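final-v7.csv follows (CSV, C-alpha atoms and all ligand atoms):
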chain,number,residue,atom,x,y,z
A,1091,MET,CA,240.0,20.7,162.9
A,1092,LYS,CA,240.0,24.4,163.0
A,1093,LEU,CA,236.7,25.8,164.2
A,1094,ILE,CA,235.1,28.6,162.2
A,1095,SER,CA,232.2,30.7,163.6
A,1096,ARG,CA,228.8,30.4,162.2
A,1097,ARG,CA,228.8,34.0,161.2
A,1098,ARG,CA,232.1,33.5,159.4
A,1099,PHE,CA,230.8,30.4,157.7
A,1100,LEU,CA,227.6,32.1,156.6
A,1101,GLY,CA,229.6,35.0,155.3
A,1102,ALA,CA,231.7,32.7,153.1
A,1103,ALA,CA,228.6,30.9,151.9
A,1104,GLY,CA,227.1,34.3,151.0
A,1105,ALA,CA,230.2,35.3,149.2
A,1106,ILE,CA,230.1,32.2,147.1
A,1107,ALA,CA,226.4,32.7,146.3
A,1108,GLY,CA,227.2,36.3,145.3
A,1109,GLY,CA,229.9,35.2,142.9
A,1110,MET,CA,232.6,36.9,144.8
A,1111,LEU,CA,234.8,34.1,145.8
A,1112,THR,CA,237.9,35.7,144.3
A,1113,GLY,CA,240.7,35.1,146.8
A,1114,ARG,CA,241.2,38.4,148.6
A,1115,GLY,CA,237.6,39.3,147.9
A,1116,VAL,CA,236.5,36.8,150.5
A,1117,PHE,CA,239.0,38.4,152.9
A,1118,ALA,CA,237.5,41.8,152.3
A,1119,ALA,CA,234.0,40.7,152.8
A,1120,GLN,CA,234.6,39.0,156.1
A,1121,GLU,CA,237.7,40.4,157.7
A,1122,ALA,CA,237.1,44.1,157.2
A,1123,GLU,CA,233.9,44.4,159.2
A,1124,GLY,CA,234.5,46.3,162.4
A,1125,ARG,CA,237.9,47.5,161.1
A,1126,ILE,CA,239.1,50.5,159.1
A,1127,MET,CA,240.5,50.1,155.6
A,1128,THR,CA,243.7,52.0,154.9
A,1129,VAL,CA,245.7,51.9,151.7
A,1130,LEU,CA,248.1,49.5,153.4
A,1131,GLY,CA,245.2,47.2,154.6
A,1132,PRO,CA,242.8,47.0,157.5
A,1133,ILE,CA,243.5,48.3,161.0
A,1134,ASP,CA,241.8,48.1,164.3
A,1135,PRO,CA,239.8,51.3,164.9
A,1136,LYS,CA,241.6,51.8,168.2
A,1137,ASP,CA,244.8,52.2,166.3
A,1138,LEU,CA,243.5,55.0,164.1
A,1139,GLY,CA,244.6,57.7,166.5
A,1140,LEU,CA,244.5,61.4,165.9
A,1141,THR,CA,243.0,61.8,162.4
A,1142,LEU,CA,242.5,64.5,159.8
A,1143,THR,CA,239.3,63.4,158.3
A,1144,HIS,CA,239.2,65.4,155.1
A,1145,GLU,CA,242.4,66.3,153.2
A,1146,HIS,CA,243.9,65.7,149.8
A,1147,CYS,CA,247.3,65.0,148.3
A,1148,VAL,CA,247.0,65.7,144.5
A,1149,VAL,CA,243.8,66.9,142.8
A,1150,ASP,CA,243.5,67.6,139.1
A,1151,PHE,CA,240.7,69.9,138.0
A,1152,LEU,CA,241.1,69.3,134.3
A,1153,GLY,CA,237.9,67.3,134.1
A,1154,ALA,CA,236.8,63.7,133.6
A,1155,GLU,CA,237.6,62.0,130.3
A,1156,LYS,CA,240.2,64.7,129.5
A,1157,ALA,CA,243.3,63.0,130.8
A,1158,THR,CA,244.0,59.3,130.1
A,1159,ALA,CA,246.7,59.0,132.8
A,1160,PRO,CA,247.7,61.0,135.9
A,1161,ARG,CA,249.2,64.3,134.6
A,1162,HIS,CA,251.4,64.8,137.6
A,1163,ASN,CA,254.7,63.2,138.0
A,1164,GLY,CA,254.4,60.6,140.9
A,1165,ASP,CA,258.0,61.0,142.0
A,1166,GLU,CA,257.7,64.8,142.1
A,1167,ALA,CA,254.4,64.6,144.0
A,1168,PHE,CA,256.0,62.2,146.4
A,1169,GLN,CA,258.9,64.5,147.1
A,1170,ILE,CA,256.7,67.6,147.5
A,1171,ILE,CA,254.1,66.0,149.8
A,1172,LEU,CA,256.1,63.6,151.9
A,1173,PRO,CA,257.7,66.3,154.2
A,1174,HIS,CA,254.3,67.6,155.1
A,1175,LEU,CA,253.0,64.2,156.0
A,1176,LYS,CA,256.1,63.5,158.1
A,1177,ALA,CA,255.6,66.8,159.9
A,1178,LEU,CA,252.0,65.7,160.6
A,1179,ARG,CA,253.3,62.6,162.2
A,1180,GLY,CA,255.6,64.8,164.3
A,1181,ARG,CA,252.5,66.7,165.5
A,1182,GLY,CA,251.0,63.5,166.8
A,1183,CYS,CA,248.7,62.9,163.8
A,1184,ARG,CA,248.4,59.2,163.0
A,1185,SER,CA,245.8,59.0,160.2
A,1186,PHE,CA,244.9,61.0,157.1
A,1187,VAL,CA,241.7,60.6,155.1
A,1188,GLU,CA,242.5,61.4,151.5
A,1189,CYS,CA,239.2,62.5,149.8
A,1190,THR,CA,240.1,62.8,146.1
A,1191,PRO,CA,237.8,60.7,144.0
A,1192,LYS,CA,238.5,59.0,140.7
A,1193,TYR,CA,238.4,61.4,137.7
A,1194,ILE,CA,239.6,64.3,139.9
A,1195,GLY,CA,243.2,63.1,140.5
A,1196,ARG,CA,242.9,60.0,142.7
A,1197,ASP,CA,246.3,58.3,142.7
A,1198,VAL,CA,246.3,55.4,145.0
A,1199,ARG,CA,249.8,54.3,144.2
A,1200,LEU,CA,251.1,57.6,145.3
A,1201,LEU,CA,249.1,57.3,148.5
A,1202,ARG,CA,250.5,53.9,149.2
A,1203,ARG,CA,254.1,55.2,148.8
A,1204,LEU,CA,253.3,58.2,151.0
A,1205,ALA,CA,251.8,56.0,153.7
A,1206,GLN,CA,254.8,53.7,153.7
A,1207,ALA,CA,257.3,56.5,153.8
A,1208,SER,CA,255.6,58.8,156.3
A,1209,GLY,CA,254.1,56.2,158.7
A,1210,LEU,CA,250.7,58.0,158.4
A,1211,GLN,CA,247.7,55.7,158.0
A,1212,ILE,CA,246.0,56.9,154.8
A,1213,LEU,CA,242.5,56.1,153.6
A,1214,THR,CA,241.3,56.4,150.0
A,1215,ASN,CA,237.9,56.2,148.4
A,1216,THR,CA,235.6,55.0,145.7
A,1217,GLY,CA,232.6,56.9,144.1
A,1218,TYR,CA,232.1,59.9,141.8
A,1219,TYR,CA,232.1,63.7,142.4
A,1220,GLY,CA,229.1,65.3,140.8
A,1221,ALA,CA,229.6,68.8,142.2
A,1222,ALA,CA,231.1,71.6,140.0
A,1223,GLY,CA,228.5,71.1,137.2
A,1224,ASN,CA,229.4,67.4,136.7
A,1225,LYS,CA,232.8,68.3,135.3
A,1226,PHE,CA,234.3,65.3,137.0
A,1227,MET,CA,231.7,62.8,136.1
A,1228,PRO,CA,232.7,60.2,133.5
A,1229,LYS,CA,230.3,59.6,130.5
A,1230,HIS,CA,229.1,56.3,131.8
A,1231,ALA,CA,227.7,57.9,135.0
A,1232,TYR,CA,225.0,59.4,132.9
A,1233,SER,CA,223.9,56.3,131.1
A,1234,GLU,CA,224.3,53.6,133.7
A,1235,SER,CA,221.8,52.7,136.4
A,1236,ALA,CA,222.4,53.0,140.1
A,1237,ASP,CA,223.1,49.3,140.3
A,1238,GLU,CA,225.6,49.4,137.5
A,1239,LEU,CA,227.5,52.3,139.2
A,1240,ALA,CA,227.3,50.4,142.5
A,1241,ALA,CA,228.8,47.3,140.8
A,1242,ARG,CA,231.8,49.4,139.6
A,1243,TRP,CA,232.4,50.8,143.1
A,1244,PHE,CA,231.8,47.6,144.9
A,1245,ALA,CA,234.3,45.9,142.6
A,1246,GLU,CA,237.0,48.4,143.8
A,1247,TRP,CA,236.1,47.3,147.4
A,1248,ARG,CA,236.1,43.6,146.5
A,1249,ASP,CA,239.1,43.4,144.2
A,1250,GLY,CA,241.1,46.5,144.9
A,1251,ILE,CA,241.5,49.7,142.9
A,1252,GLU,CA,243.1,49.5,139.4
A,1253,GLY,CA,244.9,46.2,139.9
A,1254,THR,CA,246.8,47.5,143.0
A,1255,GLY,CA,245.0,45.5,145.7
A,1256,ILE,CA,244.5,48.8,147.5
A,1257,ARG,CA,240.9,49.1,148.8
A,1258,PRO,CA,238.8,52.2,149.5
A,1259,GLY,CA,238.2,53.1,153.1
A,1260,PHE,CA,235.0,55.0,152.3
A,1261,ILE,CA,232.7,56.2,149.5
A,1262,LYS,CA,233.1,59.8,148.3
A,1263,LEU,CA,230.5,61.7,146.3
A,1264,GLY,CA,230.0,65.3,145.4
A,1265,VAL,CA,226.6,67.1,144.9
A,1266,GLU,CA,225.4,70.7,144.4
A,1267,LYS,CA,223.4,73.0,146.5
A,1268,GLY,CA,219.7,72.4,147.2
A,1269,LYS,CA,217.6,69.4,146.4
A,1270,LEU,CA,219.4,66.6,144.6
A,1271,SER,CA,219.1,66.4,140.9
A,1272,ASP,CA,218.0,63.1,139.4
A,1273,LEU,CA,221.6,62.3,138.4
A,1274,HIS,CA,222.9,63.0,141.9
A,1275,THR,CA,220.1,61.1,143.5
A,1276,LYS,CA,221.3,58.1,141.4
A,1277,LEU,CA,224.8,58.5,142.7
A,1278,LEU,CA,223.4,58.4,146.3
A,1279,ARG,CA,221.3,55.3,145.6
A,1280,ALA,CA,224.4,53.6,144.1
A,1281,ALA,CA,226.5,54.6,147.2
A,1282,ALA,CA,223.7,53.4,149.5
A,1283,ARG,CA,223.7,50.0,147.8
A,1284,VAL,CA,227.5,49.7,148.1
A,1285,HIS,CA,227.2,50.7,151.8
A,1286,LEU,CA,224.7,47.9,152.5
A,1287,LYS,CA,227.0,45.3,151.0
A,1288,SER,CA,230.3,46.7,152.3
A,1289,GLY,CA,229.7,48.8,155.4
A,1290,LEU,CA,231.8,51.7,153.9
A,1291,ALA,CA,230.9,55.2,155.1
A,1292,ILE,CA,229.5,57.6,152.6
A,1293,ALA,CA,231.1,61.0,152.6
A,1294,ILE,CA,229.4,63.6,150.4
A,1295,HIS,CA,230.7,67.0,149.4
A,1296,SER,CA,227.4,68.9,149.8
A,1297,GLY,CA,226.7,72.4,148.3
A,1298,ASP,CA,224.6,73.3,151.4
A,1299,GLY,CA,222.5,72.1,154.3
A,1300,GLU,CA,219.4,71.6,152.1
A,1301,ALA,CA,221.4,69.1,150.0
A,1302,ALA,CA,222.6,67.4,153.2
A,1303,LEU,CA,219.0,66.9,154.4
A,1304,ASP,CA,218.0,65.6,151.0
A,1305,GLU,CA,220.9,63.1,151.2
A,1306,ILE,CA,219.5,61.8,154.5
A,1307,ARG,CA,216.1,61.4,152.9
A,1308,VAL,CA,217.4,59.4,149.9
A,1309,LEU,CA,219.7,57.3,152.0
A,1310,GLY,CA,216.6,56.6,154.2
A,1311,GLU,CA,214.7,55.4,151.2
A,1312,GLU,CA,217.5,53.0,150.6
A,1313,ARG,CA,217.4,51.9,154.3
A,1314,VAL,CA,220.8,53.4,155.2
A,1315,ALA,CA,220.8,55.2,158.6
A,1316,PRO,CA,222.0,58.8,158.8
A,1317,SER,CA,225.1,57.6,160.8
A,1318,GLY,CA,226.4,56.2,157.5
A,1319,LEU,CA,226.6,59.7,156.0
A,1320,ILE,CA,229.4,62.2,156.5
A,1321,TRP,CA,228.2,65.7,155.5
A,1322,VAL,CA,231.4,67.1,153.9
A,1323,HIS,CA,231.8,70.9,154.1
A,1324,ALA,CA,229.1,71.4,156.8
A,1325,GLN,CA,231.0,74.6,157.8
A,1326,ASN,CA,229.4,76.3,154.8
A,1327,ASP,CA,226.0,76.1,156.5
A,1328,PRO,CA,225.2,79.0,158.8
A,1329,GLY,CA,224.6,76.5,161.7
A,1330,PRO,CA,221.0,75.4,162.3
A,1331,ILE,CA,221.1,72.6,159.8
A,1332,GLN,CA,224.3,71.3,161.3
A,1333,ILE,CA,222.5,70.8,164.5
A,1334,GLU,CA,219.5,69.2,162.8
A,1335,ALA,CA,221.7,66.8,160.8
A,1336,ALA,CA,223.7,65.9,163.8
A,1337,LYS,CA,220.6,65.3,165.9
A,1338,ARG,CA,219.4,62.9,163.2
A,1339,GLY,CA,222.7,61.0,163.5
A,1340,ALA,CA,224.7,62.2,160.5
A,1341,TRP,CA,228.4,63.2,160.8
A,1342,VAL,CA,228.9,66.9,160.5
A,1343,SER,CA,232.3,67.5,158.9
A,1344,LEU,CA,233.7,70.9,159.6
A,1345,ASP,CA,236.6,70.3,157.3
A,1346,GLY,CA,237.7,73.7,156.0
A,1347,PHE,CA,239.5,75.1,159.1
A,1348,SER,CA,241.9,78.0,158.6
A,1349,GLU,CA,243.3,80.8,160.7
A,1350,LYS,CA,240.8,83.1,159.0
A,1351,ASN,CA,237.7,81.3,160.1
A,1352,ARG,CA,238.6,80.6,163.7
A,1353,GLY,CA,235.7,82.7,164.9
A,1354,ARG,CA,233.2,80.7,162.8
A,1355,TYR,CA,234.6,77.4,164.1
A,1356,ALA,CA,234.4,78.6,167.7
A,1357,LYS,CA,230.7,79.5,167.2
A,1358,PHE,CA,229.8,76.2,165.5
A,1359,LEU,CA,231.7,74.0,168.0
A,1360,GLY,CA,230.3,76.0,170.9
A,1361,SER,CA,226.7,75.4,169.6
A,1362,LEU,CA,227.3,71.7,168.9
A,1363,ARG,CA,228.8,71.3,172.3
A,1364,GLU,CA,225.8,73.1,173.9
A,1365,ALA,CA,223.5,70.8,172.0
A,1366,LYS,CA,225.5,67.8,173.3
A,1367,LEU,CA,226.3,66.8,169.7
A,1368,LEU,CA,230.1,66.8,169.7
A,1369,HIS,CA,230.0,63.1,169.2
A,1370,ARG,CA,228.8,63.7,165.6
A,1371,VAL,CA,231.5,66.2,164.5
A,1372,LEU,CA,234.7,65.8,162.4
A,1373,LEU,CA,237.5,68.3,161.9
A,1374,SER,CA,240.0,68.9,159.1
A,1375,HIS,CA,241.5,71.5,156.6
A,1376,ASP,CA,240.7,70.3,153.1
A,1377,HIS,CA,244.1,71.2,151.8
A,1378,PHE,CA,245.5,70.0,148.5
A,1379,TRP,CA,248.0,70.3,145.8
A,1380,SER,CA,246.5,70.9,142.4
A,1381,VAL,CA,248.0,70.1,139.0
A,1382,GLU,CA,248.2,73.3,137.1
A,1383,GLY,CA,247.8,73.8,133.3
A,1384,GLU,CA,245.9,72.2,130.5
A,1385,GLY,CA,248.5,70.1,128.9
A,1386,GLU,CA,249.2,66.4,129.2
A,1387,ARG,CA,251.7,67.1,131.9
A,1388,GLY,CA,251.3,69.8,134.5
A,1389,GLY,CA,253.5,71.0,137.3
A,1390,LEU,CA,252.3,70.7,140.9
A,1391,LYS,CA,251.3,73.8,142.7
A,1392,LEU,CA,250.3,74.1,146.3
A,1393,HIS,CA,246.9,75.4,147.0
A,1394,SER,CA,246.6,78.9,148.3
A,1395,GLY,CA,248.2,79.4,151.7
A,1396,GLY,CA,251.7,78.3,150.8
A,1397,ALA,CA,253.7,75.2,151.6
A,1398,GLU,CA,254.4,76.2,155.2
A,1399,THR,CA,250.8,76.1,156.2
A,1400,ALA,CA,249.6,72.7,154.7
A,1401,PHE,CA,247.9,70.6,157.4
A,1402,VAL,CA,249.1,72.9,160.2
A,1403,ALA,CA,246.2,75.2,161.2
A,1404,VAL,CA,244.2,72.6,163.2
A,1405,PHE,CA,247.2,72.0,165.4
A,1406,GLN,CA,248.4,75.6,165.6
A,1407,HIS,CA,245.1,77.3,166.1
A,1408,LEU,CA,242.0,75.1,166.4
A,1409,LEU,CA,243.2,72.8,169.2
A,1410,PRO,CA,244.7,75.7,171.3
A,1411,ASP,CA,241.5,77.7,170.7
A,1412,LEU,CA,239.4,74.8,172.0
A,1413,ARG,CA,241.6,74.5,175.1
A,1414,ALA,CA,241.3,78.2,175.6
A,1415,SER,CA,237.5,77.9,175.5
A,1416,ALA,CA,237.5,75.3,178.2
A,1417,PHE,CA,236.9,72.2,176.0
A,1418,SER,CA,238.2,69.3,178.1
A,1419,GLU,CA,240.9,66.9,176.9
A,1420,GLU,CA,238.2,64.3,176.7
A,1421,GLU,CA,236.1,66.4,174.3
A,1422,ILE,CA,239.1,67.2,172.2
A,1423,ARG,CA,239.9,63.5,172.0
A,1424,GLN,CA,236.3,62.8,171.0
A,1425,LEU,CA,236.6,65.3,168.1
A,1426,THR,CA,240.0,64.2,166.8
A,1427,VAL,CA,240.3,60.5,167.8
A,1428,THR,CA,237.1,58.8,168.9
A,1429,ASN,CA,234.8,60.3,166.2
A,1430,PRO,CA,237.0,59.5,163.2
A,1431,ALA,CA,237.4,55.9,164.4
A,1432,GLU,CA,233.6,55.5,164.7
A,1433,ALA,CA,232.8,57.3,161.4
A,1434,PHE,CA,235.2,55.2,159.3
A,1435,THR,CA,234.7,51.8,160.9
A,1436,VAL,CA,233.5,49.4,158.2
A,1437,ARG,CA,230.0,48.6,159.4
A,1438,VAL,CA,226.6,48.5,157.8
A,1439,ARG,CA,224.4,51.2,159.3
A,1440,LYS,CA,220.9,50.0,158.4
A,1441,LEU,CA,217.6,51.7,159.2
A,1501,ZN,ZN,238.0,68.2,149.7
Reformat the file's structure so that it appears as C-alpha cells.
Amino acid sequence: MKLISRRRFLGAAGAIAGGMLTGRGVFAAQEAEGRIMTVLGPIDPKDLGLTLTHEHCVVDFLGAEKATAPRHNGDEAFQIILPHLKALRGRGCRSFVECTPKYIGRDVRLLRRLAQASGLQILTNTGYYGAAGNKFMPKHAYSESADELAARWFAEWRDGIEGTGIRPGFIKLGVEKGKLSDLHTKLLRAAARVHLKSGLAIAIHSGDGEAALDEIRVLGEERVAPSGLIWVHAQNDPGPIQIEAAKRGAWVSLDGFSEKNRGRYAKFLGSLREAKLLHRVLLSHDHFWSVEGEGERGGLKLHSGGAETAFVAVFQHLLPDLRASAFSEEEIRQLTVTNPAEAFTVRVRKL
C-alpha cells in the first residue's frame, strides 16, 4: 500500500469537505504549496532563477465590459513579443512575472505559447485592477461581496483560467493614492481570503506609500502578514515609506526601472541596503505592448521606448550600476533570484 502523509491526507479531506474535489483542483490545493505556479504548471522555487518580477506582454486600456474578446491578434502578438523574450533568455533571465489582470488585456493562452516557445517561465494572475478610476473593474465588482469576488478568483486557482487549466501564480490588484476607498478595501479583503486558502502572493499596484500602508492595515485585519503583500510601483514613493513597509515585512517592488531614473534607483537601493532591507526588494521594468485604437480590433504598439529597449535596461544599466557601487554578487543574486523565489512561493503568510 502506498503511504500518504497525514498532512496530505488531511488536505484531501479538507478539499472534499470544501466541495473542491474536482480532479486537478485537489492537485492544486495540495501539490502547489511551497512551489511556484507558472503558466506551464508548478516549479520548484530553486528553479525560478533570475526573474523580472513586474512586466507585461499585451495590455488593453479600452476599459472593462467594452470588449467581449481580446482585440489583439494572438498570432501577431506572439510574433512581436517572442523575440524579446528569447533575448531575455539570452541575457540569463529565466522567469517573467506577467502582471496584466483580467479586463485590462490578460491573455493566458498567449502567455502559454510564449512560455513554450521562449523557454521563459511565465507567471500570470487573478484579481481586479481598481486604479485609473475603476475603468478596468467589471460591473459585478461593485455589487458582489468580498466573499463572492474571492470565490471567483479562487475558482481560477482551483480550476484554471477560462477553461485552459492555466493557474494564476499570484493575485494582482490596483488601487489609487491615499487611504483605500470602500470598493478597494473590498478588493483587498477578497484577495486576503483567497490568499489564506491558496497561499498566492498579493501584488498591488498602489498609487502611493499611504495606500501601501493602508493595504498592510487591511490585510492585517484579515490576518494576512505583510510578507504576503508586494507593493507594486514603490519607486513612486520618495523613500521613507519604502523603508517602513519593508521593515514591516512587505515586498517593496521597484518595478519601473529605466535609464532615465538610474539616479533614483541608486538612491533607493543604497538606502534599503544601508537599512539591511535588501531582502524585501524586487526589481523590474513594467514594460508592455498596448492595443491601440477604439475599434473591435486594434494594432499592437510598443509602449514608449521603442522595440529595442523592451526588458533590457535592468541588464544594461541597473545591474552594472549596482556592481559599480560595490554591491556584492551575493546582494545582486538576492535582488534578482532569491527574493523573487521567496515572494512568489505559494505559501500562506498568516499573522
Ligand atoms: Zn504594470
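Atom to atom, atom CA of Phe1347 of chain A and atom CA of Val1404 of chain A stand 6.7 Å apart.
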Closest pair table for segment 1219-1306 of chain A residues within 7 Å of segment 1120-1128 of chain A, only C-alpha atoms, as JSON lines:
{"residue": "A:Arg1257", "atom": "CA", "partner": "A:Met1127", "partner_atom": "CA", "distance": 6.9}
{"residue": "A:Pro1258", "atom": "CA", "partner": "A:Met1127", "partner_atom": "CA", "distance": 6.7}
{"residue": "A:Gly1259", "atom": "CA", "partner": "A:Met1127", "partner_atom": "CA", "distance": 4.5}
**Distance filter 7 Å around ligand ZN 1501 (chain A), atoms: all atoms listed in the file, out as number ranges by chain** = A: 1144-1146, 1189-1190, 1376
Atoms to include: C-alpha atoms. Write the selected residues as a CSV table (one decimal), in the frame of the given file.
chain,number,residue,atom,x,y,z
A,1144,HIS,CA,239.2,65.4,155.1
A,1145,GLU,CA,242.4,66.3,153.2
A,1146,HIS,CA,243.9,65.7,149.8
A,1189,CYS,CA,239.2,62.5,149.8
A,1190,THR,CA,240.1,62.8,146.1
A,1376,ASP,CA,240.7,70.3,153.1
**Prompt:** How many Å lie between atom CA of Asn1326 of chain A and atom CA of Ala1365 of chain A, rounded to one decimal?
**Reply:**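 These atoms are spaced 19.0 Å apart.
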Point (241.2, 80.9, 163.5) neighbourhood (9 Å, all atoms listed in the file) written as a JSON list (two decimals) with C-alpha atoms, in the frame of the given file:
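Once everything was written out, this is selection-v7.json:
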[["chain", "number", "residue", "atom", "x", "y", "z"],
["A", 1347, "PHE", "CA", 239.50, 75.10, 159.10],
["A", 1348, "SER", "CA", 241.90, 78.00, 158.60],
["A", 1349, "GLU", "CA", 243.30, 80.80, 160.70],
["A", 1350, "LYS", "CA", 240.80, 83.10, 159.00],
["A", 1351, "ASN", "CA", 237.70, 81.30, 160.10],
["A", 1352, "ARG", "CA", 238.60, 80.60, 163.70],
["A", 1353, "GLY", "CA", 235.70, 82.70, 164.90],
["A", 1354, "ARG", "CA", 233.20, 80.70, 162.80],
["A", 1355, "TYR", "CA", 234.60, 77.40, 164.10],
["A", 1356, "ALA", "CA", 234.40, 78.60, 167.70],
["A", 1403, "ALA", "CA", 246.20, 75.20, 161.20],
["A", 1404, "VAL", "CA", 244.20, 72.60, 163.20],
["A", 1407, "HIS", "CA", 245.10, 77.30, 166.10],
["A", 1408, "LEU", "CA", 242.00, 75.10, 166.40],
["A", 1411, "ASP", "CA", 241.50, 77.70, 170.70]]
